[in-house]
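Undergrad: Got a structure for you, written out below as structure tokens; questions coming shortly.
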Amino acid sequence: MSDLRAAPTNLHYREARRWSRFLKRCLRSRNVMAGAVVLGAVIMLVVLAAQISPYEPTQQFRRHRLQPPNAEFLLGTDNLGRDILTRILYGGRVSLQVGIVSVAIGATIGTLLGLIAGYIGGWTDVLIMRFIDMMLAFPGILLALVIIAVLGRNLQNVMIAVGLSSIPVYTRVVRGSALSVKQFDFIVAAQALGASSWRIMARHILPNVLAPIIVVATNGVAGAIISGAALSFLGLGQQPPDPEWGLMLNEGRDYIRVAAWVTTYPGLAIMITVLSINLLGDGLRDILDPRLKL
Amino acid sequence: MSKYLAGRLLQTVPTVFLVTVAVFLMLHLTPGDPAEVFLGDKRSSPELLEKVREDMGLNRPLHVQYLSYMGNALRGDLGRSLQTNVPVTEQILNRLPWTIELAAAALMIAAFIGISVGIIAALNHNTIVDTLAMALALVGISMPVYWSSLLLILLFAVQLRVLPAIGQGGIERLILPATALALVSAGSLARMVRSSMLEVLNQDFVLTARSKGISERLVVIRHVLRNALIPVVTILGLMLGNMLSGAVITETIFARLGIGQKYVEAVLQKDFTMVQGTTLFIALMYVFVNIVVDIVYAFIDPRIRYV
């Protein structure tokens with residue numbers, strides 16, 4: 001009940017102190033800092049693609065096909081004579097967008113379902129969790145593939161598919177946390193004051209389950225980038241001639257014997273990005289929720 | 001024990017039911033008329049559409065359609081491929097061995113690498129060895145399977161020319177795809193084994209074992225490993241899921257004619273019956289494997305029976 005005894009005027013101050021403590025711990029965490037710096041650099045490069053590169057992503061230099069990296073084309077050219085560096089920069093926009101949008105879709109729906117299942121309980125809980133079990137029966141990228149098969153193949157559907165297929169993780173984590181938060185006195189107090197279920201879920205439970213959501217969502221962006229690129233790699237997402245990392249890997253695959261750089265660099269771009277996000281996620285987990293096992 | 005088993009089995013009934021409903025509804029959730037989906041890119045006149053509806057029973061109420069689909073499925077009839085007109089079940093069964101071979105090999109490689117790296121890291125906790133091992137694990141987790149596949153091809157097939165890049169049959173064609181598929185799982189397994197080992201190493205019974213004066217080797221093998229590896233069993237099911245979904249990609253890259261490769265082909269060709277049948281098959285197989293894993297786990301870990 002210590003929460004109730006604290007003077008209300010202290011609340012803002014305490015909130016601010018919690019934030020500054022969190023930021024301090026982030027600054028001290030090697031994982032968080034390394035991840036944030038690399039990811040920040042990736043985002044900068046991708047956003048400034050048009051300023052950095054002198055070429056267009058679909059511009060073809062027919063006389064310079066499959067050139068190894070050189071002064072003119074820093075990372076070489078592909079089979080149509082397009083500059084690989086330029087395509088990686090522009091392609092990164094797509095991959096990052098897929099990562100963020102899918103996580104937004106999955107985290108929003110998943111959190112909502114988890115809150116309802118955990119707080120309301122009863123038959124609602126059973127129904128939601130059986131539905132989640134059903135989704136989990138389609139392992140990994142298969143659920144996304146099914147959704148693409150139903151909706152049709154394009155980039156927008158990739159984001160929807162990857163997003164929807166990530167719902168179960170959020171629902172499970174949020175439901176678990178909501179169940180334990182529900183037991184606390186401040187929830188009982190809010191109920192006694194006549195707060196509606198929605199208000200309690202939004203105002204009292206959600207802030208207390210935010211930590212695991214942030215951790216899962218961070219790693220989720222990495223996973224979504226991998227899945228999104230995988231779908232484009234398989235020909236189900238971004239369509240040529242526009243660039244995307246997975247698509248570039250697939251296009252370079254046929255030339256791997258003569259021009260390895262066409263596949264090596266886009267792959268490296270995915271790996272560096274995903275690695276930095278995972279580092280960030282690991283660091284955040286250590287700070288926010290050390291017991292959370294992923 | 002039997003109570004636990006019964007409960008676990010009972011729990012899967014609604015899951016299996018919902019999976020079959022979802023797979024059945026796939027066709028009806030697709031934008032447009034199911035009959036048009038069946039006809040695919042072929043030109044469709046109104047008469048033809050009506051004939052397809054009649055033939056496929058699409059005019060009947062939904063629940064009747066579901067029951068007849070499930071009735072057929074239980075008899076092993078998942079319809080015929082829209083592309084090749086070969087029975088779906090036949091195609092799945094023809095390709096299944098290649099996928100099982102790949103998944104089994106990958107599982108073994110992942111278990112070997114993951115468990116050894118995890119043990120080495122835990123035994124050298126907070127040393128440079130630990131740091132390196134965990135960095136390696138993180139790289140493994142961050143490597144998309146299509147990227148590691150291409151790197152392995154580049155290194156072993158193009159540069160060193162010691163292993164064939166594509167095809168199936170024989171162990172030399174299995175090593176590369178299985179390794180590529182194993183790497184991600186190996187990474188997460190190594191992390192899990194490490195943290196599980198560290199937890200057990202701090203337990204009182206390990207201290208007792210050490211104080212008895214037996215060698216550290218024996219302590220680790222007899223007391224630590226046996227307890228630390230129990231939770232690892234639970235993620236075997238999860239790993240199999242990784243393998244199945246990763247197989248979709250590795251089989252495509254390495255041109256292995258397994259279920260995953262067929263699945264992608266079917267999605268690309270809009271071969272709806274094939275997609276539907278394969279989805280149902282894979283999902284049910286995955287649910288089944290997870291039941292088996294849970295049961296095995298209950299046998300290994302006596303504590304679970306009382307929960």
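Ligands are numbered from 1 in the order shown, residues from 1 within each chain, and chains are lettered A, B, ... in the order they appear in the structure tokens.
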Sorted by chain and rising residue number, list the residues of chain A at most 7 Å from chain B (counting only C-alpha atoms), each with its closest atom pair and distance in Å to one decimal, as CSV.
TA:
residue,atom,partner,partner_atom,distance
A:Arg130,CA,B:Thr15,CA,6.2
A:Asp133,CA,B:Thr15,CA,6.0
A:Met134,CA,B:Thr15,CA,5.1
A:Ala137,CA,B:Ala283,CA,5.2
A:Phe138,CA,B:Ala283,CA,5.3
A:Pro139,CA,B:Gly241,CA,4.9
A:Gly140,CA,B:Ser245,CA,5.5
A:Ile141,CA,B:Ser245,CA,5.6
A:Leu142,CA,B:Ser245,CA,5.8
A:Ala149,CA,B:Val267,CA,5.6
A:Val150,CA,B:Thr30,CA,4.8
A:Leu151,CA,B:Thr30,CA,6.0
A:Ile226,CA,B:Pro144,CA,6.0
A:Ile256,CA,B:Leu154,CA,6.9
A:Arg257,CA,B:Val158,CA,6.0
A:Gly267,CA,B:Trp147,CA,5.7
A:Met271,CA,B:Met143,CA,5.8
A:Val274,CA,B:Ser142,CA,5.6
A:Leu275,CA,B:Ser142,CA,5.3
Undergrad: So that I can check the surroundings of Glu90 (chain B), please list as a list in words every protein, DNA and RNA residue that reaches within 12 Å of it, counting only C-alpha atoms and ignoring chain neighbours fewer than 5 positions away.
TA: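 Selected residues are Gly76, Asp77, Leu78, Gly79, Arg80, Ser81, Thr84, Asn85, Arg95, Leu96, Ile259, Met274, Gly277 and Thr278 of chain B.
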Undergrad: Residues as selected, N, CA and C atoms, written as a PDB file, in the first residue's frame, can you do that?
TA:
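Result file follows (again_13.pdb):
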ATOM      1  N   GLY B  76      -7.743 -39.339 -45.709  1.00  0.00           N
ATOM      2  CA  GLY B  76      -6.472 -39.123 -46.402  1.00  0.00           C
ATOM      3  C   GLY B  76      -6.640 -38.437 -47.741  1.00  0.00           C
ATOM      4  N   ASP B  77      -7.824 -37.914 -48.011  1.00  0.00           N
ATOM      5  CA  ASP B  77      -8.046 -37.257 -49.291  1.00  0.00           C
ATOM      6  C   ASP B  77      -8.092 -35.740 -49.096  1.00  0.00           C
ATOM      7  N   LEU B  78      -7.043 -35.057 -49.539  1.00  0.00           N
ATOM      8  CA  LEU B  78      -6.979 -33.597 -49.386  1.00  0.00           C
ATOM      9  C   LEU B  78      -7.239 -32.898 -50.717  1.00  0.00           C
ATOM     10  N   GLY B  79      -7.868 -33.601 -51.628  1.00  0.00           N
ATOM     11  CA  GLY B  79      -8.151 -33.001 -52.929  1.00  0.00           C
ATOM     12  C   GLY B  79      -6.989 -33.174 -53.891  1.00  0.00           C
ATOM     13  N   ARG B  80      -7.130 -32.561 -55.071  1.00  0.00           N
ATOM     14  CA  ARG B  80      -6.090 -32.670 -56.083  1.00  0.00           C
ATOM     15  C   ARG B  80      -5.468 -31.315 -56.345  1.00  0.00           C
ATOM     16  N   SER B  81      -4.187 -31.319 -56.671  1.00  0.00           N
ATOM     17  CA  SER B  81      -3.498 -30.078 -56.999  1.00  0.00           C
ATOM     18  C   SER B  81      -4.169 -29.403 -58.184  1.00  0.00           C
ATOM     19  N   THR B  84      -1.294 -29.627 -61.123  1.00  0.00           N
ATOM     20  CA  THR B  84      -0.855 -30.887 -61.718  1.00  0.00           C
ATOM     21  C   THR B  84      -1.919 -31.972 -61.682  1.00  0.00           C
ATOM     22  N   ASN B  85      -3.012 -31.725 -60.942  1.00  0.00           N
ATOM     23  CA  ASN B  85      -4.094 -32.682 -60.793  1.00  0.00           C
ATOM     24  C   ASN B  85      -3.673 -33.968 -60.085  1.00  0.00           C
ATOM     25  N   ARG B  95       7.216 -36.088 -50.815  1.00  0.00           N
ATOM     26  CA  ARG B  95       8.240 -35.109 -50.474  1.00  0.00           C
ATOM     27  C   ARG B  95       8.628 -35.124 -49.000  1.00  0.00           C
ATOM     28  N   LEU B  96       7.763 -35.714 -48.198  1.00  0.00           N
ATOM     29  CA  LEU B  96       7.996 -35.702 -46.754  1.00  0.00           C
ATOM     30  C   LEU B  96       9.372 -36.238 -46.332  1.00  0.00           C
ATOM     31  N   ILE B 259       8.809 -30.729 -48.715  1.00  0.00           N
ATOM     32  CA  ILE B 259       7.494 -30.108 -48.527  1.00  0.00           C
ATOM     33  C   ILE B 259       7.570 -28.583 -48.570  1.00  0.00           C
ATOM     34  N   MET B 274      -3.381 -27.344 -52.876  1.00  0.00           N
ATOM     35  CA  MET B 274      -2.060 -27.764 -52.412  1.00  0.00           C
ATOM     36  C   MET B 274      -1.671 -26.969 -51.158  1.00  0.00           C
ATOM     37  N   GLY B 277      -3.948 -28.166 -48.208  1.00  0.00           N
ATOM     38  CA  GLY B 277      -3.601 -29.496 -47.719  1.00  0.00           C
ATOM     39  C   GLY B 277      -2.276 -29.497 -46.971  1.00  0.00           C
ATOM     40  N   THR B 278      -1.271 -28.829 -47.552  1.00  0.00           N
ATOM     41  CA  THR B 278       0.046 -28.813 -46.925  1.00  0.00           C
ATOM     42  C   THR B 278      -0.003 -28.077 -45.593  1.00  0.00           C
TER      43      THR B 278
END
Undergrad: Which residues are near Leu236 (chain B)? Cut-off 12 Å, only C-alpha atoms, ignore same chain within fewer than 2 positions. Put them as a PyMOL selection string.
TA: chain B and resi 103-104+106-108+110-111+114+185-186+188-189+192+229-234+238-243+286+289-294+296-297
Undergrad: Report as a list in words all protein, DNA and RNA residues lying within 6 Å of region 38-49 of chain A, evaluated on only C-alpha atoms, omitting residues in the same chain fewer than 4 positions from it.
TA: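 Residues meeting the cut-off are Ser53, Leu89, Gly92, Arg93 and Ser276 of chain A.
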